[in-house]
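**Q** Handing over structure18.pdb, PDB, C-alpha atoms.
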ATOM      1  CA  MET L  64      88.674  79.352 113.343  1.00  0.00           C
ATOM      2  CA  GLN L  65      88.051  78.371 109.731  1.00  0.00           C
ATOM      3  CA  ALA L  66      84.563  77.067 108.995  1.00  0.00           C
ATOM      4  CA  ASP L  67      83.502  73.980 107.072  1.00  0.00           C
ATOM      5  CA  LEU L  68      86.582  71.741 107.076  1.00  0.00           C
ATOM      6  CA  ASN L  69      84.415  68.876 105.801  1.00  0.00           C
ATOM      7  CA  ARG L  70      83.623  70.620 102.509  1.00  0.00           C
ATOM      8  CA  GLN L  71      85.625  68.402 100.188  1.00  0.00           C
ATOM      9  CA  SER L  72      87.544  69.429  97.139  1.00  0.00           C
ATOM     10  CA  PRO L  73      87.549  67.054  94.161  1.00  0.00           C
ATOM     11  CA  PHE L  74      90.965  65.866  95.348  1.00  0.00           C
ATOM     12  CA  GLY L  75      89.653  65.396  98.893  1.00  0.00           C
ATOM     13  CA  LYS L  76      86.910  63.161  97.497  1.00  0.00           C
ATOM     14  CA  LEU L  77      89.462  61.120  95.560  1.00  0.00           C
ATOM     15  CA  ILE L  78      91.482  60.283  98.680  1.00  0.00           C
ATOM     16  CA  GLY L  79      88.411  59.868 100.909  1.00  0.00           C
ATOM     17  CA  THR L  80      89.052  62.819 103.224  1.00  0.00           C
ATOM     18  CA  ASN L  81      86.935  63.042 106.379  1.00  0.00           C
ATOM     19  CA  VAL L  82      87.800  65.405 109.243  1.00  0.00           C
ATOM     20  CA  THR L  83      86.783  63.424 112.322  1.00  0.00           C
ATOM     21  CA  ARG L  84      88.036  65.632 115.152  1.00  0.00           C
ATOM     22  CA  THR L  85      89.175  69.184 115.752  1.00  0.00           C
ATOM     23  CA  ASP L  86      90.815  70.440 118.932  1.00  0.00           C
ATOM     24  CA  PRO L  87      91.195  74.247 118.831  1.00  0.00           C
ATOM     25  CA  THR L  88      93.017  74.309 122.168  1.00  0.00           C
ATOM     26  CA  ARG L  89      95.779  71.996 120.909  1.00  0.00           C
ATOM     27  CA  ARG L  90      95.500  73.405 117.351  1.00  0.00           C
ATOM     28  CA  GLU L  91      95.127  69.817 116.185  1.00  0.00           C
ATOM     29  CA  ILE L  92      92.853  67.868 113.859  1.00  0.00           C
ATOM     30  CA  GLU L  93      92.274  64.228 112.987  1.00  0.00           C
ATOM     31  CA  VAL L  94      91.534  63.225 109.421  1.00  0.00           C
ATOM     32  CA  ARG L  95      90.557  59.815 108.036  1.00  0.00           C
ATOM     33  CA  TYR L  96      91.396  58.727 104.508  1.00  0.00           C
ATOM     34  CA  GLU L  97      90.192  55.782 102.454  1.00  0.00           C
ATOM     35  CA  ALA L  98      93.126  54.233 100.583  1.00  0.00           C
ATOM     36  CA  LYS L  99      91.731  52.434  97.531  1.00  0.00           C
ATOM     37  CA  PRO L 100      93.312  49.591  95.520  1.00  0.00           C
ATOM     38  CA  ASP L 101      93.949  52.140  92.739  1.00  0.00           C
ATOM     39  CA  PHE L 102      96.464  53.805  95.079  1.00  0.00           C
ATOM     40  CA  THR L 103      98.855  50.832  95.162  1.00  0.00           C
ATOM     41  CA  ASN L 104     102.189  50.421  93.457  1.00  0.00           C
ATOM     42  CA  ARG L 105     103.602  47.389  91.628  1.00  0.00           C
ATOM     43  CA  ILE L 106     104.258  45.461  94.833  1.00  0.00           C
ATOM     44  CA  GLY L 107     100.782  46.038  96.261  1.00  0.00           C
ATOM     45  CA  THR L 108     101.520  48.632  98.937  1.00  0.00           C
ATOM     46  CA  LEU L 109     100.321  52.218  98.840  1.00  0.00           C
ATOM     47  CA  ALA L 110     102.319  54.361  96.437  1.00  0.00           C
ATOM     48  CA  GLY L 111     104.491  56.944  98.156  1.00  0.00           C
ATOM     49  CA  GLY L 112     102.761  59.708  96.231  1.00  0.00           C
ATOM     50  CA  MET L 113      99.405  58.749  97.739  1.00  0.00           C
ATOM     51  CA  ILE L 114     100.852  58.712 101.252  1.00  0.00           C
ATOM     52  CA  SER L 115     102.415  62.084 100.543  1.00  0.00           C
ATOM     53  CA  ALA L 116      99.051  63.355  99.263  1.00  0.00           C
ATOM     54  CA  MET L 117      97.385  62.402 102.555  1.00  0.00           C
ATOM     55  CA  LEU L 118     100.096  64.231 104.508  1.00  0.00           C
ATOM     56  CA  ASP L 119      99.730  67.234 102.194  1.00  0.00           C
ATOM     57  CA  SER L 120      96.000  67.208 102.881  1.00  0.00           C
ATOM     58  CA  SER L 121      96.223  66.799 106.657  1.00  0.00           C
ATOM     59  CA  THR L 122      98.935  69.424 107.153  1.00  0.00           C
ATOM     60  CA  GLY L 123      96.958  71.860 105.005  1.00  0.00           C
ATOM     61  CA  LEU L 124      93.704  71.215 106.849  1.00  0.00           C
ATOM     62  CA  ALA L 125      95.431  71.702 110.217  1.00  0.00           C
ATOM     63  CA  ALA L 126      96.730  75.082 109.047  1.00  0.00           C
ATOM     64  CA  LEU L 127      93.374  76.051 107.564  1.00  0.00           C
ATOM     65  CA  ALA L 128      91.547  75.149 110.779  1.00  0.00           C
ATOM     66  CA  VAL L 129      93.240  77.946 112.727  1.00  0.00           C
ATOM     67  CA  GLN L 130      92.924  80.713 110.118  1.00  0.00           C
ATOM     68  CA  PRO L 131      90.258  83.418 110.034  1.00  0.00           C
ATOM     69  CA  GLU L 132      87.636  82.975 107.323  1.00  0.00           C
ATOM     70  CA  HIS L 133      89.047  85.784 105.135  1.00  0.00           C
ATOM     71  CA  THR L 134      92.290  83.858 104.599  1.00  0.00           C
ATOM     72  CA  PHE L 135      93.468  80.606 103.048  1.00  0.00           C
ATOM     73  CA  VAL L 136      96.769  78.721 102.990  1.00  0.00           C
ATOM     74  CA  VAL L 137      98.991  77.216 100.293  1.00  0.00           C
ATOM     75  CA  HIS L 138     101.901  74.838 100.760  1.00  0.00           C
ATOM     76  CA  THR L 139     105.405  76.150 100.146  1.00  0.00           C
ATOM     77  CA  SER L 140     107.108  72.974 101.345  1.00  0.00           C
ATOM     78  CA  LEU L 141     106.308  69.455 102.478  1.00  0.00           C
ATOM     79  CA  GLU L 142     108.841  67.068 103.952  1.00  0.00           C
ATOM     80  CA  VAL L 143     107.781  63.411 104.082  1.00  0.00           C
ATOM     81  CA  GLN L 144     109.349  60.604 106.078  1.00  0.00           C
ATOM     82  CA  TYR L 145     108.178  57.118 105.045  1.00  0.00           C
ATOM     83  CA  LEU L 146     108.434  54.668 107.955  1.00  0.00           C
ATOM     84  CA  LYS L 147     106.521  51.478 107.026  1.00  0.00           C
ATOM     85  CA  PRO L 148     104.720  50.127 103.950  1.00  0.00           C
ATOM     86  CA  ALA L 149     100.997  50.866 104.059  1.00  0.00           C
ATOM     87  CA  SER L 150      98.048  48.877 102.730  1.00  0.00           C
ATOM     88  CA  CYS L 151      94.633  49.784 101.390  1.00  0.00           C
ATOM     89  CA  GLY L 152      91.901  50.708 103.826  1.00  0.00           C
ATOM     90  CA  VAL L 153      91.437  53.429 106.395  1.00  0.00           C
ATOM     91  CA  LEU L 154      94.421  55.555 107.369  1.00  0.00           C
ATOM     92  CA  THR L 155      94.202  58.263 110.010  1.00  0.00           C
ATOM     93  CA  ALA L 156      96.278  61.420 110.226  1.00  0.00           C
ATOM     94  CA  THR L 157      96.747  63.529 113.311  1.00  0.00           C
ATOM     95  CA  ALA L 158      98.005  66.962 112.315  1.00  0.00           C
ATOM     96  CA  ARG L 159      98.906  69.973 114.413  1.00  0.00           C
ATOM     97  CA  VAL L 160     100.030  73.564 114.006  1.00  0.00           C
ATOM     98  CA  ILE L 161     103.466  73.913 115.572  1.00  0.00           C
ATOM     99  CA  GLU L 162     104.286  77.537 114.762  1.00  0.00           C
ATOM    100  CA  GLN L 163     102.611  80.522 113.128  1.00  0.00           C
ATOM    101  CA  THR L 164     103.549  84.056 112.117  1.00  0.00           C
ATOM    102  CA  ASP L 165     101.554  86.678 110.221  1.00  0.00           C
ATOM    103  CA  ARG L 166     102.670  85.195 106.883  1.00  0.00           C
ATOM    104  CA  GLU L 167     103.370  81.500 107.490  1.00  0.00           C
ATOM    105  CA  VAL L 168     102.193  78.508 109.422  1.00  0.00           C
ATOM    106  CA  GLN L 169     104.147  75.329 110.124  1.00  0.00           C
ATOM    107  CA  THR L 170     102.395  72.031 110.719  1.00  0.00           C
ATOM    108  CA  LYS L 171     103.259  68.406 111.278  1.00  0.00           C
ATOM    109  CA  SER L 172     101.293  65.218 110.765  1.00  0.00           C
ATOM    110  CA  GLU L 173     101.498  61.506 111.508  1.00  0.00           C
ATOM    111  CA  LEU L 174      99.683  58.988 109.307  1.00  0.00           C
ATOM    112  CA  ARG L 175      98.614  55.717 110.968  1.00  0.00           C
ATOM    113  CA  ASP L 176      97.250  52.517 109.497  1.00  0.00           C
ATOM    114  CA  ALA L 177      94.179  50.659 110.804  1.00  0.00           C
ATOM    115  CA  ASP L 178      96.324  48.975 113.485  1.00  0.00           C
ATOM    116  CA  GLY L 179      97.573  52.330 114.769  1.00  0.00           C
ATOM    117  CA  VAL L 180     101.081  51.908 113.347  1.00  0.00           C
ATOM    118  CA  VAL L 181     102.681  55.158 112.147  1.00  0.00           C
ATOM    119  CA  VAL L 182     103.466  54.625 108.456  1.00  0.00           C
ATOM    120  CA  ALA L 183     104.663  58.154 107.629  1.00  0.00           C
ATOM    121  CA  ARG L 184     105.265  61.612 109.045  1.00  0.00           C
ATOM    122  CA  GLY L 185     105.103  64.976 107.356  1.00  0.00           C
ATOM    123  CA  ARG L 186     106.147  68.505 108.154  1.00  0.00           C
ATOM    124  CA  ALA L 187     104.895  71.435 106.111  1.00  0.00           C
ATOM    125  CA  THR L 188     105.235  75.166 105.716  1.00  0.00           C
ATOM    126  CA  LEU L 189     102.252  77.027 104.320  1.00  0.00           C
ATOM    127  CA  ARG L 190     101.842  80.638 103.243  1.00  0.00           C
ATOM    128  CA  ILE L 191      98.847  82.538 104.631  1.00  0.00           C
ATOM    129  CA  LEU L 192      97.015  84.532 101.969  1.00  0.00           C
ATOM    130  CA  ARG L 193      94.038  86.871 102.098  1.00  0.00           C
ATOM    131  CA  ARG L 194      91.026  86.003  99.961  1.00  0.00           C
ATOM    132  CA  ARG L 195      90.554  88.489  97.110  1.00  0.00           C
ATOM    133  CA  ASP L 196      86.877  88.906  97.911  1.00  0.00           C
ATOM    134  CA  SER L 197      87.531  89.782 101.590  1.00  0.00           C
ATOM    135  CA  PRO L 198      87.529  93.313 103.019  1.00  0.00           C
TER     136      PRO L 198
END
Represent the structure from my file as structure tokens, please.
**A**
Amino acid sequence: MQADLNRQSPFGKLIGTNVTRTDPTRREIEVRYEAKPDFTNRIGTLAGGMISAMLDSSTGLAALAVQPEHTFVVHTSLEVQYLKPASCGVLTATARVIEQTDREVQTKSELRDADGVVVARGRATLRILRRRDSP
């Protein structure tokens, strides 16, 4: 399993990423995000791009969590389904690996608001790559 999922990238800091639970048996993680007022659109709900960014993050972290330390993953596709408008505050994603080969991993994620309502779903395909500095 990949180490240090809580080490944030600059982008992870921007969207308030915090891995709160990992379940290696289910190949699942839970990630909390802090949606700031700067993330809203003209009508005051979260911009679709910010919701998509949280799904990008959670699907990537789920894939990363099950990889050996000498590898990393990069998205090749992300499909987003917007279900309900979302507001600022804490949103929680539950993401899981659904299939993996030697070269690719497929994940899915649900993003919930503070009331537990699913506001969006994502499905991603990620390429598995070997780190250049690994044996």
**Q** Using all atoms listed in the file, which residues sit within 10 Å of Ala110 (chain L) once same-chain residues fewer than 6 positions away are excluded, as a PyMOL selection string?
**A** chain L and resi 101-104+116+148-150
**Q** Write the residues of the preceding selection, restricted to C-alpha atoms, as a PDB file, keeping the file's coordinate frame.
**A**
ATOM      1  CA  ASP L 101      93.949  52.140  92.739  1.00  0.00           C
ATOM      2  CA  PHE L 102      96.464  53.805  95.079  1.00  0.00           C
ATOM      3  CA  THR L 103      98.855  50.832  95.162  1.00  0.00           C
ATOM      4  CA  ASN L 104     102.189  50.421  93.457  1.00  0.00           C
ATOM      5  CA  ALA L 116      99.051  63.355  99.263  1.00  0.00           C
ATOM      6  CA  PRO L 148     104.720  50.127 103.950  1.00  0.00           C
ATOM      7  CA  ALA L 149     100.997  50.866 104.059  1.00  0.00           C
ATOM      8  CA  SER L 150      98.048  48.877 102.730  1.00  0.00           C
TER       9      SER L 150
END
**Q** From the options L:Leu68, L:Ile114, L:Ala183, L:Leu174, which residue's atoms come nearest to Ala156 (chain L), counting all atoms listed in the file?
**A**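 The shortest atom-to-atom distance to Ala156 (chain L) comes from L:Leu174.
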**Q** Using only C-alpha atoms, which of L:Arg175, L:Lys147, L:Arg195, L:Arg190 sits nearest Gln163 (chain L)?
**A**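 Of the candidates, the smallest distance to Gln163 (chain L) is held by L:Arg190.
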**Q** Excluding same-chain residues fewer than 6 positions from Ser140 (chain L), what lies within 12 Å of it counting all atoms listed in the file, as a PyMOL selection string?
**A** chain L and resi 115+118-119+122-123+167-171+185-190
**Q** Compare L:Ile161, L:Cys151, L:Val82, L:Val137 by their minimum atom-to-atom distance to Gly107 (chain L), counting all atoms listed in the file, and give me the closest one.
**A**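 Using all atoms listed in the file, Gly107 (chain L) sits closest to L:Cys151.
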**Q** Find the residue from L:Ser121, L:Gln130, L:Gln71, L:Gln144 that sits nearest to Thr157 (chain L); use all atoms listed in the file when measuring.
**A**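 Closest residue, counting all atoms listed in the file: L:Ser121.
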**Q** I need the residue nearest Gly152 (chain L) from this list: L:Asp178, L:Asp196, L:Asp86, L:Asp165. Use only C-alpha atoms for the distance.
**A**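 So, comparing all the options, the nearest one is L:Asp178.
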**Q** Of the candidates L:Ala158, L:Leu146, L:Val129, L:Leu109, which shows the shortest atom-to-atom distance to Thr83 (chain L), using only C-alpha atoms?
**A**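 The closest residue to Thr83 (chain L) is L:Ala158.
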**Q** Pick out the residues sitting within 9 Å of Arg84 (chain L), and hand them over as a list of chain:residue names; count only C-alpha atoms, and ignore anything fewer than 6 positions along from it in its own chain.
**A** L:Glu91, L:Ile92, L:Glu93, L:Val94
**Q** Between CA of Ser120 (chain L) and CA of Val136 (chain L), what distance in Å does the model show, to one decimal?
**A**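 Going from CA of Ser120 (chain L) over to CA of Val136 (chain L) covers 11.5 Å.
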**Q** CA of Arg95 (chain L) to CA of Arg166 (chain L): how many Å, to one decimal?
**A**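 CA of Arg95 (chain L) sits 28.1 Å away from CA of Arg166 (chain L).
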**Q** Which value, in Å to one decimal, gives the distance between CA of Gly112 (chain L) and CA of Arg89 (chain L)?
**A**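 Rounded to one decimal, the two atoms are 28.4 Å apart.
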**Q** Given the file above and the PyMOL selection byres ((chain L and resi 74) around 12), which residues are selected, and can you give them as a ChimeraX atom specification?
**A** /L:70-73,75-80,96,113,116-117,119-120
